file data17.txt (compact mmCIF, C-alpha atoms)
# COMPACT_ATOMS: atom_id res chain seq x y z
CA MET V 1 0.00 0.00 0.00
CA GLU V 2 1.39 3.36 -0.96
CA PRO V 3 1.65 6.19 1.59
CA LYS V 4 -0.61 8.34 -0.58
CA ASP V 5 -3.47 5.77 -0.40
CA ARG V 6 -2.96 5.32 3.35
CA GLY V 7 -3.24 9.08 3.95
CA ALA V 8 -6.49 9.25 1.99
CA ARG V 9 -7.89 6.34 3.98
CA VAL V 10 -6.97 8.02 7.29
CA VAL V 11 -8.68 11.24 6.17
CA ARG V 12 -11.85 9.32 5.23
CA VAL V 13 -11.91 7.51 8.59
CA TRP V 14 -11.48 10.80 10.46
CA MET V 15 -14.26 12.46 8.43
CA LEU V 16 -16.60 9.53 9.06
CA SER V 17 -15.79 9.64 12.78
CA LEU V 18 -16.50 13.37 12.87
CA ALA V 19 -19.83 12.88 11.09
CA VAL V 20 -20.87 10.18 13.59
CA ALA V 21 -19.85 12.39 16.51
CA LEU V 22 -21.86 15.32 15.15
CA LEU V 23 -24.91 13.13 14.60
CA ALA V 24 -24.65 11.77 18.12
CA GLY V 25 -24.62 15.32 19.48
CA LEU V 26 -27.98 16.22 17.91
CA PRO V 27 -30.81 16.75 20.37
CA ALA V 28 -33.13 13.78 20.74
CA ALA V 29 -36.11 13.21 22.97
CA ALA V 30 -35.10 9.70 23.94
CA THR V 31 -37.84 7.53 25.41
CA THR V 32 -37.44 4.37 27.46
CA THR V 33 -41.02 3.12 27.08
CA VAL V 34 -40.20 0.14 24.85
CA LEU V 35 -37.19 -0.84 26.96
CA LYS V 36 -39.25 -0.60 30.16
CA ARG V 37 -42.01 -2.74 28.63
CA ALA V 38 -39.43 -5.36 27.58
CA PHE V 39 -38.04 -5.57 31.12
CA GLU V 40 -41.59 -5.86 32.46
CA ASN V 41 -42.73 -8.56 30.04
CA MET V 42 -39.77 -10.94 30.33
CA PRO V 43 -39.98 -11.79 34.07
CA GLN V 44 -43.71 -11.23 34.44
CA GLY V 45 -44.43 -13.68 31.63
CA VAL V 46 -42.95 -16.34 33.90
CA GLY V 47 -45.41 -15.24 36.59
CA ASP V 48 -48.26 -15.59 34.10
CA VAL V 49 -47.20 -19.17 33.32
CA VAL V 50 -46.88 -20.06 37.03
CA LEU V 51 -50.26 -18.50 37.88
CA SER V 52 -52.04 -19.96 34.82
CA PRO V 53 -53.65 -22.91 36.72
CA TYR V 54 -55.28 -20.48 39.15
CA THR V 55 -56.16 -17.96 36.44
CA ALA V 56 -57.74 -20.71 34.33
CA GLY V 57 -59.84 -21.89 37.28
CA GLN V 58 -60.92 -18.36 38.15
CA THR V 59 -61.93 -17.66 34.54
CA LEU V 60 -63.83 -20.94 34.37
CA TYR V 61 -65.67 -20.16 37.62
CA THR V 62 -66.57 -16.66 36.39
CA ASN V 63 -67.86 -18.05 33.09
CA MET V 64 -69.87 -20.79 34.83
CA THR V 65 -71.62 -18.32 37.10
CA THR V 66 -72.40 -15.75 34.41
CA ILE V 67 -73.54 -17.90 31.47
CA GLU V 68 -77.16 -18.95 31.24
CA ASP V 69 -76.70 -22.46 29.90
CA THR V 70 -78.35 -25.58 31.23
CA LEU V 71 -76.71 -27.63 33.97
CA PRO V 72 -75.61 -30.50 31.65
CA VAL V 73 -73.86 -27.99 29.35
CA ARG V 74 -72.08 -26.41 32.31
CA ILE V 75 -70.93 -29.81 33.57
CA ALA V 76 -69.73 -30.86 30.11
CA TYR V 77 -67.80 -27.60 29.75
CA CYS V 78 -65.78 -27.92 32.96
CA VAL V 79 -62.95 -30.28 32.00
CA PRO V 80 -62.31 -29.17 28.41
CA GLY V 81 -62.88 -25.54 29.39
CA TYR V 82 -60.29 -25.73 32.15
CA ALA V 83 -57.78 -27.43 29.83
CA TRP V 84 -58.37 -24.81 27.14
CA ASN V 85 -58.01 -21.91 29.57
CA LEU V 86 -54.91 -23.45 31.15
CA MET V 87 -53.17 -23.90 27.79
CA SER V 88 -54.25 -20.45 26.56
CA ASN V 89 -53.03 -18.67 29.69
CA ALA V 90 -49.73 -20.59 29.83
CA GLY V 91 -49.20 -19.94 26.11
CA GLY V 92 -50.03 -16.28 26.60
CA GLY V 93 -47.38 -16.06 29.33
CA LEU V 94 -44.80 -17.67 27.04
CA ILE V 95 -45.68 -15.27 24.23
CA ARG V 96 -45.38 -12.38 26.68
CA MET V 97 -41.85 -13.51 27.61
CA LEU V 98 -40.94 -13.84 23.93
CA THR V 99 -42.23 -10.37 23.09
CA GLY V 100 -40.14 -9.00 25.96
CA VAL V 101 -37.09 -10.62 24.41
CA LEU V 102 -38.01 -9.22 20.98
CA GLU V 103 -38.63 -5.71 22.32
CA LEU V 104 -35.30 -5.54 24.16
CA PRO V 105 -33.00 -4.89 21.16
CA THR V 106 -35.65 -2.67 19.59
CA GLY V 107 -35.86 -0.66 22.80
CA LEU V 108 -32.09 -0.26 22.82
CA VAL V 109 -32.16 1.11 19.26
CA LEU V 110 -35.14 3.40 19.97
CA LEU V 111 -33.40 4.69 23.09
CA PHE V 112 -31.40 7.06 20.89
CA SER V 113 -34.37 8.43 18.96
CA ASP V 114 -37.71 10.00 19.64
CA ALA V 115 -39.58 7.22 17.85
CA GLU V 116 -42.17 5.14 19.66
CA MET V 117 -43.39 1.58 19.10
CA GLU V 118 -46.75 0.03 19.91
CA PRO V 119 -46.74 -3.10 22.12
CA LEU V 120 -46.20 -6.32 20.22
CA PHE V 121 -48.60 -8.18 22.53
CA ASP V 122 -51.65 -6.11 23.49
CA PRO V 123 -53.40 -8.55 25.89
CA ALA V 124 -50.67 -7.93 28.45
CA GLU V 125 -51.62 -4.25 28.32
CA ASP V 126 -55.41 -4.55 28.01
CA ASN V 127 -56.63 -7.55 30.02
CA GLU V 128 -57.21 -7.78 33.76
CA ALA V 129 -54.66 -9.47 36.01
CA LEU V 130 -54.62 -11.15 39.42
CA ILE V 131 -51.74 -8.99 40.65
CA THR V 132 -51.69 -5.37 39.52
CA TRP V 133 -49.42 -2.86 41.20
CA ASP V 134 -49.60 0.47 39.40
CA GLU V 135 -48.33 2.68 42.22
CA TYR V 136 -44.99 3.24 40.50
CA GLU V 137 -46.15 2.69 36.92
CA ASP V 138 -43.70 5.22 35.49
CA ILE V 139 -40.78 3.20 36.88
CA TYR V 140 -41.93 -0.43 36.80
CA ARG V 141 -45.46 -1.79 36.51
CA VAL V 142 -46.28 -5.15 38.04
CA LYS V 143 -49.11 -6.97 36.28
CA MET V 144 -49.08 -10.78 36.61
CA GLY V 145 -51.61 -13.54 36.32
CA ILE V 146 -53.27 -12.08 33.24
CA SER V 147 -56.37 -13.85 31.97
CA TYR V 148 -55.61 -14.10 28.27
CA THR V 149 -58.97 -15.69 27.49
CA ALA V 150 -60.94 -12.73 28.80
CA GLY V 151 -61.73 -9.86 26.51
CA GLY V 152 -59.64 -6.73 26.96
call {"tool": "encode", "arguments": {"input": "data17.txt", "output": "structure tokens"}}
result
Amino acid sequence: MEPKDRGARVVRVWMLSLAVALLAGLPAAATTTVLKRAFENMPQGVGDVVLSPYTAGQTLYTNMTTIEDTLPVRIAYCVPGYAWNLMSNAGGGLIRMLTGVLELPTGLVLLFSDAEMEPLFDPAEDNEALITWDEYEDIYRVKMGISYTAGG
């Protein structure tokens, strides 16, 4: 490599570095909403899976007391209804963990911009939960035991 080519390469690297430094210095209204949601969804999805047997039973009990079907239909619904609710709630918890993992790198990228992203998994935001602690919602919201089979 000739010294002339090396000098040109050094100048290009320095100019590129200067451009990156100037872009990094631009004002940005960085938001941590997506990153916060990712760190909420990953561990609390585990809580949803652990609480899914109770959540499934509670949902089944609520449905049995509010529907106006005959007694034989209610009896026939119990076992398959509980199995369906159990699998749906456990699956919902697993999907919630996965969306937390998917939103983590996205949140890191969006940390340096003013862009915002909608939740990938809305039932975790919309549906009711067994444990809801919104006192410090701006810092960390606790919402576990979500009934994914209930309408949000």
call {"tool": "closest_residue", "arguments": {"input": "data17.txt", "among": "V:Trp133, V:Phe112, V:Tyr148, V:Phe121", "to": "Arg37 of chain V", "atoms": "all atoms listed in the file"}}
result
V:Phe121
call {"tool": "closest_residue", "arguments": {"input": "data17.txt", "among": "V:Gly81, V:Thr59, V:Glu103, V:Trp14", "to": "Glu128 of chain V", "atoms": "all atoms listed in the file"}}
result
V:Thr59
call {"tool": "closest_residue", "arguments": {"input": "data17.txt", "among": "V:Thr149, V:Thr31, V:Thr99, V:Gln44", "to": "Glu116 of chain V", "atoms": "all atoms listed in the file"}}
result
V:Thr31
call {"tool": "closest_residue", "arguments": {"input": "data17.txt", "among": "V:Ile95, V:Leu110, V:Ile139, V:Leu130", "to": "Asn41 of chain V", "atoms": "all atoms listed in the file"}}
result
V:Ile95
call {"tool": "closest_residue", "arguments": {"input": "data17.txt", "among": "V:Met144, V:Leu35, V:Leu51, V:Ala90", "to": "Pro105 of chain V", "atoms": "only C-alpha atoms"}}
result
V:Leu35
call {"tool": "residues_near_point", "arguments": {"input": "data17.txt", "point": "(-32.2, -1.1, 24.4)", "cutoff": "12 Å", "atoms": "only C-alpha atoms", "output": "list in words"}}
result
Ala30, Thr31, Thr32, Thr33, Val34, Leu35, Lys36, Arg37, Ala38, Phe39, Gly100, Val101, Leu102, Glu103, Leu104, Pro105, Thr106, Gly107, Leu108, Val109, Leu110, Leu111, Phe112 and Ser113 of chain V
call {"tool": "atom_distance", "arguments": {"input": "data17.txt", "atom1": "atom CA of Ser88 of chain V", "atom2": "atom CA of Gln58 of chain V"}}
result
13.5 Å
call {"tool": "decode", "arguments": {"input": "data17.txt", "residues": "segment 128-143 of chain V", "atoms": "all heavy atoms", "output": "compact mmCIF listing (two decimals), in the first residue's frame"}}
result
# COMPACT_ATOMS: atom_id res chain seq x y z
N GLU V 128 -57.32 -7.85 32.30
CA GLU V 128 -57.21 -7.78 33.76
C GLU V 128 -56.22 -8.83 34.26
O GLU V 128 -56.00 -9.85 33.63
CB GLU V 128 -58.58 -8.03 34.39
CG GLU V 128 -59.60 -6.94 34.10
CD GLU V 128 -59.20 -5.60 34.70
OE1 GLU V 128 -58.69 -5.59 35.83
OE2 GLU V 128 -59.36 -4.58 34.02
N ALA V 129 -55.65 -8.56 35.43
CA ALA V 129 -54.66 -9.47 36.01
C ALA V 129 -54.98 -9.74 37.47
O ALA V 129 -55.71 -8.97 38.12
CB ALA V 129 -53.26 -8.88 35.87
N LEU V 130 -54.45 -10.83 38.00
CA LEU V 130 -54.62 -11.15 39.42
C LEU V 130 -53.84 -10.18 40.29
O LEU V 130 -54.31 -9.72 41.32
CB LEU V 130 -54.13 -12.57 39.71
CG LEU V 130 -54.91 -13.72 39.08
CD1 LEU V 130 -54.20 -15.04 39.36
CD2 LEU V 130 -56.32 -13.74 39.62
N ILE V 131 -52.61 -9.88 39.88
CA ILE V 131 -51.74 -8.99 40.65
C ILE V 131 -51.46 -7.76 39.79
O ILE V 131 -50.82 -7.87 38.74
CB ILE V 131 -50.41 -9.69 41.00
CG1 ILE V 131 -50.67 -10.96 41.80
CG2 ILE V 131 -49.48 -8.75 41.75
CD1 ILE V 131 -49.49 -11.87 41.92
N THR V 132 -51.94 -6.62 40.22
CA THR V 132 -51.69 -5.37 39.52
C THR V 132 -51.20 -4.36 40.53
O THR V 132 -51.89 -4.05 41.50
CB THR V 132 -52.98 -4.85 38.83
OG1 THR V 132 -53.47 -5.87 37.97
CG2 THR V 132 -52.69 -3.59 38.03
N TRP V 133 -50.01 -3.86 40.30
CA TRP V 133 -49.42 -2.86 41.20
C TRP V 133 -48.97 -1.69 40.34
O TRP V 133 -47.90 -1.69 39.76
CB TRP V 133 -48.26 -3.49 41.95
CG TRP V 133 -47.74 -2.66 43.08
CD1 TRP V 133 -48.48 -1.97 43.99
CD2 TRP V 133 -46.38 -2.44 43.41
NE1 TRP V 133 -47.65 -1.34 44.88
CE2 TRP V 133 -46.35 -1.61 44.54
CE3 TRP V 133 -45.18 -2.85 42.87
CZ2 TRP V 133 -45.19 -1.19 45.13
CZ3 TRP V 133 -44.01 -2.45 43.46
CH2 TRP V 133 -44.02 -1.62 44.58
N ASP V 134 -49.85 -0.68 40.26
CA ASP V 134 -49.60 0.47 39.40
C ASP V 134 -49.09 1.69 40.16
O ASP V 134 -49.05 2.78 39.60
CB ASP V 134 -50.89 0.87 38.67
CG ASP V 134 -51.23 -0.09 37.56
OD1 ASP V 134 -50.32 -0.79 37.10
OD2 ASP V 134 -52.40 -0.15 37.16
N GLU V 135 -48.73 1.53 41.41
CA GLU V 135 -48.33 2.68 42.22
C GLU V 135 -47.13 3.41 41.62
O GLU V 135 -47.06 4.62 41.63
CB GLU V 135 -48.02 2.24 43.64
CG GLU V 135 -47.80 3.38 44.59
CD GLU V 135 -47.67 2.91 46.03
OE1 GLU V 135 -48.17 1.83 46.36
OE2 GLU V 135 -47.07 3.63 46.80
N TYR V 136 -46.18 2.66 41.11
CA TYR V 136 -44.99 3.24 40.50
C TYR V 136 -44.94 2.88 39.02
O TYR V 136 -43.92 2.42 38.51
CB TYR V 136 -43.72 2.75 41.21
CG TYR V 136 -43.71 3.10 42.67
CD1 TYR V 136 -43.92 2.13 43.64
CD2 TYR V 136 -43.52 4.41 43.08
CE1 TYR V 136 -43.93 2.45 44.98
CE2 TYR V 136 -43.52 4.74 44.42
CZ TYR V 136 -43.72 3.76 45.36
OH TYR V 136 -43.73 4.08 46.68
N GLU V 137 -46.02 3.10 38.31
CA GLU V 137 -46.15 2.69 36.92
C GLU V 137 -45.11 3.34 36.01
O GLU V 137 -44.67 2.75 35.03
CB GLU V 137 -47.55 3.03 36.42
CG GLU V 137 -47.83 2.52 35.03
CD GLU V 137 -49.27 2.71 34.62
OE1 GLU V 137 -50.14 2.81 35.49
OE2 GLU V 137 -49.50 2.77 33.42
N ASP V 138 -44.69 4.55 36.33
CA ASP V 138 -43.70 5.22 35.49
C ASP V 138 -42.33 4.55 35.59
O ASP V 138 -41.52 4.67 34.67
CB ASP V 138 -43.57 6.70 35.89
CG ASP V 138 -44.83 7.47 35.57
OD1 ASP V 138 -45.59 7.02 34.69
OD2 ASP V 138 -45.05 8.52 36.20
N ILE V 139 -42.07 3.86 36.69
CA ILE V 139 -40.78 3.20 36.88
C ILE V 139 -40.87 1.73 36.47
O ILE V 139 -40.12 1.27 35.61
CB ILE V 139 -40.31 3.33 38.34
CG1 ILE V 139 -40.16 4.80 38.71
CG2 ILE V 139 -39.02 2.57 38.56
CD1 ILE V 139 -39.98 5.05 40.17
N TYR V 140 -41.77 0.99 37.09
CA TYR V 140 -41.93 -0.43 36.80
C TYR V 140 -43.34 -0.85 37.19
O TYR V 140 -43.74 -0.69 38.33
CB TYR V 140 -40.90 -1.26 37.59
CG TYR V 140 -40.79 -2.69 37.15
CD1 TYR V 140 -40.02 -3.04 36.06
CD2 TYR V 140 -41.48 -3.70 37.82
CE1 TYR V 140 -39.92 -4.35 35.65
CE2 TYR V 140 -41.38 -5.01 37.42
CZ TYR V 140 -40.60 -5.33 36.33
OH TYR V 140 -40.50 -6.64 35.92
N ARG V 141 -44.09 -1.36 36.25
CA ARG V 141 -45.46 -1.79 36.51
C ARG V 141 -45.49 -3.30 36.70
O ARG V 141 -44.96 -4.04 35.89
CB ARG V 141 -46.36 -1.40 35.34
CG ARG V 141 -47.81 -1.78 35.59
CD ARG V 141 -48.62 -1.59 34.37
NE ARG V 141 -48.05 -2.48 33.35
CZ ARG V 141 -48.47 -2.51 32.11
NH1 ARG V 141 -49.38 -1.70 31.70
NH2 ARG V 141 -47.93 -3.33 31.24
N VAL V 142 -46.13 -3.72 37.77
CA VAL V 142 -46.28 -5.15 38.04
C VAL V 142 -47.70 -5.55 37.66
O VAL V 142 -48.67 -5.00 38.19
CB VAL V 142 -46.01 -5.48 39.52
CG1 VAL V 142 -46.27 -6.94 39.80
CG2 VAL V 142 -44.58 -5.10 39.89
N LYS V 143 -47.81 -6.48 36.73
CA LYS V 143 -49.11 -6.97 36.28
C LYS V 143 -48.92 -8.45 35.89
O LYS V 143 -48.44 -8.75 34.81
CB LYS V 143 -49.59 -6.15 35.09
CG LYS V 143 -51.00 -6.43 34.67
CD LYS V 143 -51.45 -5.45 33.60
CE LYS V 143 -52.89 -5.70 33.23
NZ LYS V 143 -53.34 -4.84 32.16
